[in-house]
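One file, model.csv, is given below (CSV, C-alpha atoms and all ligand atoms).
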```csv
chain,number,residue,atom,x,y,z
A,1,MET,CA,0.0,0.0,0.0
A,2,ASP,CA,1.2,3.5,-0.7
A,3,LYS,CA,2.4,5.5,2.2
A,4,ILE,CA,0.2,8.4,3.3
A,5,LYS,CA,1.3,11.6,1.6
A,6,LYS,CA,1.9,14.7,3.7
A,7,ILE,CA,0.9,18.1,2.4
A,8,LEU,CA,2.0,21.4,3.8
A,9,LEU,CA,-0.8,23.9,3.1
A,10,VAL,CA,0.2,27.5,3.4
A,11,GLU,CA,-2.8,29.7,3.3
A,12,ASP,CA,-4.0,32.6,5.5
A,13,GLU,CA,-7.7,32.3,4.9
A,14,ALA,CA,-9.3,29.8,7.4
A,15,LYS,CA,-12.2,29.0,5.0
A,16,MET,CA,-9.9,28.1,2.2
A,17,ARG,CA,-7.8,26.0,4.5
A,18,GLU,CA,-10.8,24.1,5.7
A,19,LEU,CA,-12.1,23.5,2.2
A,20,ILE,CA,-8.7,22.1,1.1
A,21,ARG,CA,-8.2,20.1,4.3
A,22,ILE,CA,-11.6,18.3,3.9
A,23,ALA,CA,-10.9,17.6,0.2
A,24,PHE,CA,-7.6,15.9,1.0
A,25,LYS,CA,-8.8,14.1,4.0
A,26,LYS,CA,-11.3,12.2,1.9
A,27,GLU,CA,-8.4,11.1,-0.3
A,28,ASN,CA,-6.3,10.0,2.7
A,29,PHE,CA,-3.7,12.7,2.7
A,30,GLU,CA,-2.4,14.3,5.9
A,31,THR,CA,-2.6,18.0,5.7
A,32,TYR,CA,-0.4,20.3,7.9
A,33,GLU,CA,-1.2,24.0,7.9
A,34,ALA,CA,0.7,27.2,8.1
A,35,VAL,CA,-1.0,30.6,8.2
A,36,ASP,CA,1.8,32.8,7.0
A,37,GLY,CA,5.0,32.6,5.1
A,38,LYS,CA,7.2,32.8,8.1
A,39,GLN,CA,5.6,29.9,9.8
A,40,ALA,CA,5.7,27.9,6.5
A,41,LEU,CA,9.5,28.3,6.3
A,42,ASN,CA,10.0,27.3,9.9
A,43,ILE,CA,7.9,24.2,9.5
A,44,ILE,CA,9.5,23.1,6.3
A,45,LYS,CA,12.9,23.4,7.7
A,46,ASN,CA,12.1,20.8,10.4
A,47,PHE,CA,9.6,18.4,8.9
A,48,HIS,CA,9.3,16.3,5.8
A,49,PHE,CA,6.4,16.8,3.4
A,50,ASP,CA,5.6,15.3,0.0
A,51,ILE,CA,4.2,18.5,-1.5
A,52,VAL,CA,3.5,22.2,-0.7
A,53,ILE,CA,0.3,24.0,-1.6
A,54,LEU,CA,1.3,27.7,-1.4
A,55,ASP,CA,-0.9,30.7,-1.5
A,56,ILE,CA,0.8,33.8,-3.0
A,57,MET,CA,-0.8,36.6,-1.0
A,58,LEU,CA,0.3,35.8,2.6
A,59,PRO,CA,1.1,37.9,5.7
A,60,GLU,CA,4.7,38.2,6.9
A,61,ILE,CA,6.5,36.6,4.0
A,62,ASP,CA,4.7,36.3,0.6
A,63,GLY,CA,4.4,33.1,-1.4
A,64,TRP,CA,6.9,34.1,-4.0
A,65,THR,CA,9.6,34.5,-1.4
A,66,VAL,CA,8.6,31.3,0.4
A,67,CYS,CA,8.8,29.5,-3.0
A,68,ARG,CA,12.3,30.8,-3.6
A,69,GLU,CA,13.5,30.0,-0.1
A,70,ILE,CA,12.2,26.4,-0.3
A,71,ARG,CA,13.9,25.9,-3.7
A,72,LYS,CA,17.3,26.8,-2.1
A,73,GLY,CA,17.3,23.5,-0.3
A,74,SER,CA,14.6,21.2,-1.7
A,75,ASP,CA,13.0,20.0,-4.9
A,76,ILE,CA,9.7,19.2,-3.2
A,77,PRO,CA,6.7,19.7,-5.6
A,78,ILE,CA,5.1,23.2,-5.1
A,79,ILE,CA,1.7,24.2,-6.4
A,80,LEU,CA,0.8,27.9,-6.1
A,81,LEU,CA,-2.6,29.3,-5.3
A,82,THR,CA,-3.5,32.6,-6.9
A,83,ALA,CA,-6.6,34.7,-6.7
A,84,ARG,CA,-8.4,35.7,-9.9
A,85,GLY,CA,-7.7,39.4,-10.6
A,86,GLU,CA,-4.5,39.2,-8.6
A,87,GLU,CA,-1.5,40.1,-10.6
A,88,PHE,CA,-0.1,36.8,-11.4
A,89,ASP,CA,2.8,36.0,-13.6
A,90,LYS,CA,3.0,32.3,-14.2
A,91,LEU,CA,6.4,32.5,-15.9
A,92,PHE,CA,7.8,34.2,-12.8
A,93,GLY,CA,6.3,31.4,-10.7
A,94,PHE,CA,8.0,28.7,-12.8
A,95,GLU,CA,11.2,30.7,-12.7
A,96,LEU,CA,11.1,30.6,-8.9
A,97,GLY,CA,10.7,26.8,-9.1
A,98,ALA,CA,7.0,26.3,-8.7
A,99,ASP,CA,5.7,23.2,-10.5
A,100,ASP,CA,2.1,24.2,-11.1
A,101,TYR,CA,-0.5,26.8,-10.2
A,102,ILE,CA,-4.2,27.0,-9.8
A,103,VAL,CA,-6.5,30.1,-9.9
A,104,LYS,CA,-9.0,30.7,-7.1
A,105,PRO,CA,-11.9,30.0,-7.0
A,106,PHE,CA,-11.1,26.4,-8.0
A,107,SER,CA,-12.9,23.1,-7.3
A,108,PRO,CA,-11.2,21.1,-4.6
A,109,ARG,CA,-11.4,18.1,-6.8
A,110,GLU,CA,-9.3,19.8,-9.4
A,111,LEU,CA,-6.7,20.7,-6.8
A,112,VAL,CA,-6.6,17.1,-5.6
A,113,ALA,CA,-6.1,15.9,-9.2
A,114,ARG,CA,-3.3,18.4,-9.8
A,115,VAL,CA,-1.6,17.4,-6.6
A,116,LYS,CA,-1.8,13.7,-7.5
A,117,ALA,CA,-0.4,14.4,-10.9
A,118,LEU,CA,2.6,16.3,-9.4
A,119,LEU,CA,3.2,13.5,-6.9
A,120,ARG,CA,3.3,11.0,-9.7
A,121,ARG,CA,5.8,13.1,-11.6
A,122,ALA,CA,7.9,13.6,-8.5
A,123,GLU,CA,8.0,9.8,-7.9
A,124,ASN,CA,9.1,9.1,-11.4
A,125,ARG,CA,11.8,11.6,-11.1
A,126,SER,CA,13.0,10.3,-7.7
A,127,VAL,CA,13.5,6.8,-9.1
A,128,GLU,CA,16.2,8.2,-11.4
A,129,THR,CA,17.8,10.6,-9.1
A,130,THR,CA,17.4,10.0,-5.4
A,131,SER,CA,20.5,7.8,-5.4
A,132,ILE,CA,22.6,11.0,-4.9
A,133,ILE,CA,22.2,13.1,-1.8
A,134,ASP,CA,23.8,16.4,-2.5
A,135,LEU,CA,25.0,18.2,0.7
A,136,GLY,CA,27.1,20.8,-1.1
A,137,ASP,CA,30.7,19.7,-0.6
A,138,ILE,CA,29.6,16.3,0.5
A,139,THR,CA,27.7,13.8,-1.7
A,140,ILE,CA,26.2,10.5,-0.7
A,141,ASN,CA,25.4,7.9,-3.3
A,142,THR,CA,22.8,5.7,-1.6
A,143,LEU,CA,23.0,3.0,-4.2
A,144,SER,CA,26.7,2.4,-4.1
A,145,ARG,CA,27.0,3.7,-0.5
A,146,GLU,CA,29.8,5.9,-1.7
A,147,VAL,CA,30.6,9.2,0.1
A,148,LYS,CA,32.5,11.9,-1.6
A,149,VAL,CA,34.0,15.0,0.1
A,150,ASP,CA,35.1,17.7,-2.3
A,151,GLY,CA,34.7,15.2,-5.1
A,152,LYS,CA,37.1,12.7,-3.4
A,153,SER,CA,35.8,9.3,-2.4
A,154,ILE,CA,36.1,8.5,1.3
A,155,SER,CA,35.6,5.1,2.8
A,156,PHE,CA,33.3,4.7,5.8
A,157,THR,CA,32.4,1.6,7.8
A,158,ASN,CA,28.9,0.4,7.7
A,159,LYS,CA,27.7,2.1,10.9
A,160,GLU,CA,29.6,5.3,10.2
A,161,TYR,CA,27.9,5.4,6.8
A,162,GLU,CA,24.5,4.7,8.3
A,163,LEU,CA,24.9,7.3,11.0
A,164,LEU,CA,26.0,9.9,8.5
A,165,LEU,CA,23.1,9.1,6.2
A,166,PHE,CA,20.6,9.2,9.0
A,167,LEU,CA,21.8,12.6,10.2
A,168,SER,CA,22.1,14.1,6.8
A,169,THR,CA,18.7,13.1,5.7
A,170,ASN,CA,17.2,14.6,8.9
A,171,GLN,CA,18.9,17.9,8.8
A,172,ASN,CA,18.6,20.5,11.5
A,173,ILE,CA,17.0,18.1,13.9
A,174,VAL,CA,18.8,17.5,17.2
A,175,PHE,CA,19.0,13.8,18.1
A,176,THR,CA,20.1,12.4,21.5
A,177,ARG,CA,22.7,9.7,21.6
A,178,GLU,CA,19.9,7.3,22.7
A,179,GLN,CA,17.8,8.2,19.7
A,180,LEU,CA,20.7,7.6,17.4
A,181,LEU,CA,21.4,4.3,19.0
A,182,LEU,CA,17.9,3.3,18.3
A,183,LYS,CA,17.7,4.6,14.8
A,184,VAL,CA,21.1,3.4,13.5
A,185,TRP,CA,22.0,0.4,15.7
A,186,GLY,CA,18.4,-0.6,16.6
A,187,TYR,CA,19.1,-0.7,20.4
A,188,ASP,CA,16.3,0.4,22.5
A,189,GLN,CA,18.2,-0.4,25.6
A,190,TYR,CA,21.6,-1.7,26.7
A,191,GLY,CA,23.4,0.4,24.0
A,192,ASP,CA,26.3,2.4,25.2
A,193,PRO,CA,25.8,6.1,24.2
A,194,ARG,CA,29.6,6.4,23.9
A,195,THR,CA,29.4,4.3,20.8
A,196,VAL,CA,27.7,7.2,19.1
A,197,ASP,CA,30.4,9.6,20.2
A,198,THR,CA,33.2,7.4,18.9
A,199,HIS,CA,31.4,7.1,15.5
A,200,ILE,CA,30.8,10.8,15.3
A,201,LYS,CA,34.4,11.4,16.0
A,202,ARG,CA,35.6,9.1,13.2
A,203,ILE,CA,33.0,10.5,10.8
A,204,ARG,CA,34.3,14.0,11.5
A,205,GLU,CA,37.9,13.0,11.0
A,206,LYS,CA,37.0,11.5,7.6
A,207,LEU,CA,35.0,14.6,6.6
A,208,GLY,CA,38.0,16.8,7.4
A,209,SER,CA,37.4,20.4,6.7
A,210,LYS,CA,33.7,19.7,6.2
A,211,SER,CA,33.3,18.2,9.7
A,212,SER,CA,31.5,21.3,11.0
A,213,CYS,CA,28.3,20.1,9.3
A,214,ILE,CA,27.9,17.8,12.4
A,215,THR,CA,27.3,20.0,15.4
A,216,THR,CA,27.5,18.9,19.0
A,217,ILE,CA,24.6,20.2,21.1
A,218,TRP,CA,26.1,20.1,24.6
A,219,GLY,CA,24.1,18.1,27.0
A,220,VAL,CA,21.7,16.9,24.3
A,221,GLY,CA,23.3,15.2,21.3
A,222,TYR,CA,24.1,16.0,17.6
A,223,LYS,CA,22.6,17.6,14.6
A,224,PHE,CA,23.5,17.8,10.9
A,225,GLU,CA,23.4,21.1,9.1
A,226,VAL,CA,24.6,21.9,5.6
A,227,LYS,CA,26.8,25.0,5.5
A,228,ARG,CA,26.9,26.3,2.0
B,301,CA,CA,-4.1,34.9,0.8
```

Spit out the file's structure as structure tokens when you get a sec.
Ligand code: CA
Amino acid sequence: MDKIKKILLVEDEAKMRELIRIAFKKENFETYEAVDGKQALNIIKNFHFDIVILDIMLPEIDGWTVCREIRKGSDIPIILLTARGEEFDKLFGFELGADDYIVKPFSPRELVARVKALLRRAENRSVETTSIIDLGDITINTLSREVKVDGKSISFTNKEYELLLFLSTNQNIVFTREQLLLKVWGYDQYGDPRTVDTHIKRIREKLGSKSSCITTIWGVGYKFEVKR
């Protein structure tokens, strides 16, 4: 069975949010909501979604800017919502990296159909390309399990690789040593948290000048952050 798709809906009008939420609930999507651009950017930094539905006229930070900011770090599908009569330049939208747009008022069914089409396209795309995780100066090929730093291939042990992969695919989230033991080693007890420290130490040594992407949060644990 397909896994449940998560939508981030960015829209300041409560009525519109409700309409969209109900339409997607019927289709078994999970909808998360942000009411302004600033909130949207905060949420997207920390959580994974499959698609973003983004209104253009928003308080705090407008949809154009949100779209541009999202594209700096992600190729998640984005569909723009625009009001009729609003000045809307679709070429500008595509230039910023939006995948599609829909003009209000629209039928919720049409929006659902567009979202499904975009998700299908994104899935086809990911079959070809998700093997490479691009972290700027570091790249991880998840098919060959090869890690390159500044274009140079570096060898990692199995657990070092898995720990690096886990952290780098969950960027900007702080994990405790216990959480990492559970996620990477599968220990829910009896694991020694120092195992994590020694692995982090070795990963940092191997990453050399790029080791600062793994930050120690004193008293808590570790997080991964791409510094471009
Ligand atoms: Ca609006």

### Task
Please measure the separation of atom CA of A:Thr157 and atom CA of A:Ile214, giving the value in Å to one decimal.
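We find that atom CA of A:Thr157 and atom CA of A:Ile214 lie 17.4 Å from each other.
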
Hey, which residues come within 7 Å of ligand CA 301 (chain B) if we count only C-alpha atoms and all ligand atoms? Could you give them as a compact mmCIF listing (two decimals) with C-alpha atoms, keeping the file's coordinate frame?
```txt
# COMPACT_ATOMS: atom_id res chain seq x y z
CA GLU A 11 -2.80 29.70 3.30
CA ASP A 12 -4.00 32.60 5.50
CA GLU A 13 -7.70 32.30 4.90
CA ASP A 55 -0.90 30.70 -1.50
CA ILE A 56 0.80 33.80 -3.00
CA MET A 57 -0.80 36.60 -1.00
CA LEU A 58 0.30 35.80 2.60
```

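Applying the 10 Å criterion to (23.8, 23.1, 10.0) in file coordinates and using all atoms listed in the file, one obtains the residues A:Ser168, A:Gln171, A:Asn172, A:Ile173, A:Ser212, A:Cys213, A:Ile214, A:Thr215, A:Lys223, A:Phe224, A:Glu225, A:Val226, A:Lys227, A:Arg228.
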
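Nearest residue to A:Glu18 among A:Glu33, A:Phe94, A:Phe156, A:Phe47 is A:Glu33, counting only C-alpha atoms.
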
### Message
as a list of chain:residue names, please: the residues near A:Ile133 (cut-off 10 Å, all atoms listed in the file, same-chain neighbours under 4 positions excluded).
### Response
A:Thr129, A:Ile138, A:Thr139, A:Ile140, A:Asn141, A:Thr142, A:Val147, A:Leu165, A:Ser168, A:Thr169

### Task
Give me, please, the distance in Å between atom CA of A:Glu95 and atom CA of A:Leu9, quoted to one decimal.
21.0 Å

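Taking all atoms listed in the file into account, A:Val220 lies nearest to A:Arg177 out of the set A:Arg71, A:Lys148, A:Arg177, A:Arg202.
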
### Query
What is the distance, in Å and to one decimal place, between atom CA of A:Val10 and atom CA of A:Leu54?
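Separation of atom CA of A:Val10 and atom CA of A:Leu54: 4.9 Å.
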
### Task
For A:Thr198, please output as a ChimeraX atom specification all residues within 12 Å (counting all atoms listed in the file; exclusion window: fewer than 6 positions along the same chain).
/A:159-160,163,177,192,204-205

### Message
So that I can check the surroundings of A:Thr31, please list as a PyMOL selection string every protein, DNA and RNA residue that reaches within 7 Å of it, counting all atoms listed in the file and ignoring chain neighbours fewer than 6 positions away.
### Response
chain A and resi 6-9+21

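Ranking A:Val52, A:Glu60, A:Leu164, A:Ile44 by their shortest atom-to-atom distance to A:Lys183, with all atoms listed in the file included, puts A:Leu164 first.
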
Just want the 12 Å neighbourhood of A:Ala113, counted on all atoms listed in the file, with same-chain residues fewer than 2 positions away dropped. Output as a short mmCIF file (atom, residue, chain, number, x, y, z; two decimals) with C-alpha atoms, keeping the file's coordinate frame.
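Below you can see result_4.cif, which holds the result:
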```
data_model
loop_
_atom_site.label_atom_id
_atom_site.label_comp_id
_atom_site.auth_asym_id
_atom_site.auth_seq_id
_atom_site.Cartn_x
_atom_site.Cartn_y
_atom_site.Cartn_z
CA ALA A 23 -10.90 17.60 0.20
CA PHE A 24 -7.60 15.90 1.00
CA GLU A 27 -8.40 11.10 -0.30
CA ILE A 79 1.70 24.20 -6.40
CA ASP A 100 2.10 24.20 -11.10
CA ILE A 102 -4.20 27.00 -9.80
CA PHE A 106 -11.10 26.40 -8.00
CA SER A 107 -12.90 23.10 -7.30
CA PRO A 108 -11.20 21.10 -4.60
CA ARG A 109 -11.40 18.10 -6.80
CA GLU A 110 -9.30 19.80 -9.40
CA LEU A 111 -6.70 20.70 -6.80
CA VAL A 115 -1.60 17.40 -6.60
CA LYS A 116 -1.80 13.70 -7.50
CA ALA A 117 -0.40 14.40 -10.90
CA LEU A 118 2.60 16.30 -9.40
CA LEU A 119 3.20 13.50 -6.90
CA ARG A 120 3.30 11.00 -9.70
#
```

### Query
Which is closest to A:Ile53 among A:Tyr161, A:Phe29, A:Tyr101, A:Phe92, if we use all atoms listed in the file?
A:Tyr101

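Shortest separation to A:Leu207 among A:Glu178, A:Gly151, A:Tyr190, A:Tyr222 occurs at residue A:Gly151, atoms counted being all atoms listed in the file.
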
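Shortest separation to A:Ile200 among A:Asp150, A:Asp62, A:Trp185, A:Leu167 occurs at residue A:Leu167, atoms counted being only C-alpha atoms.
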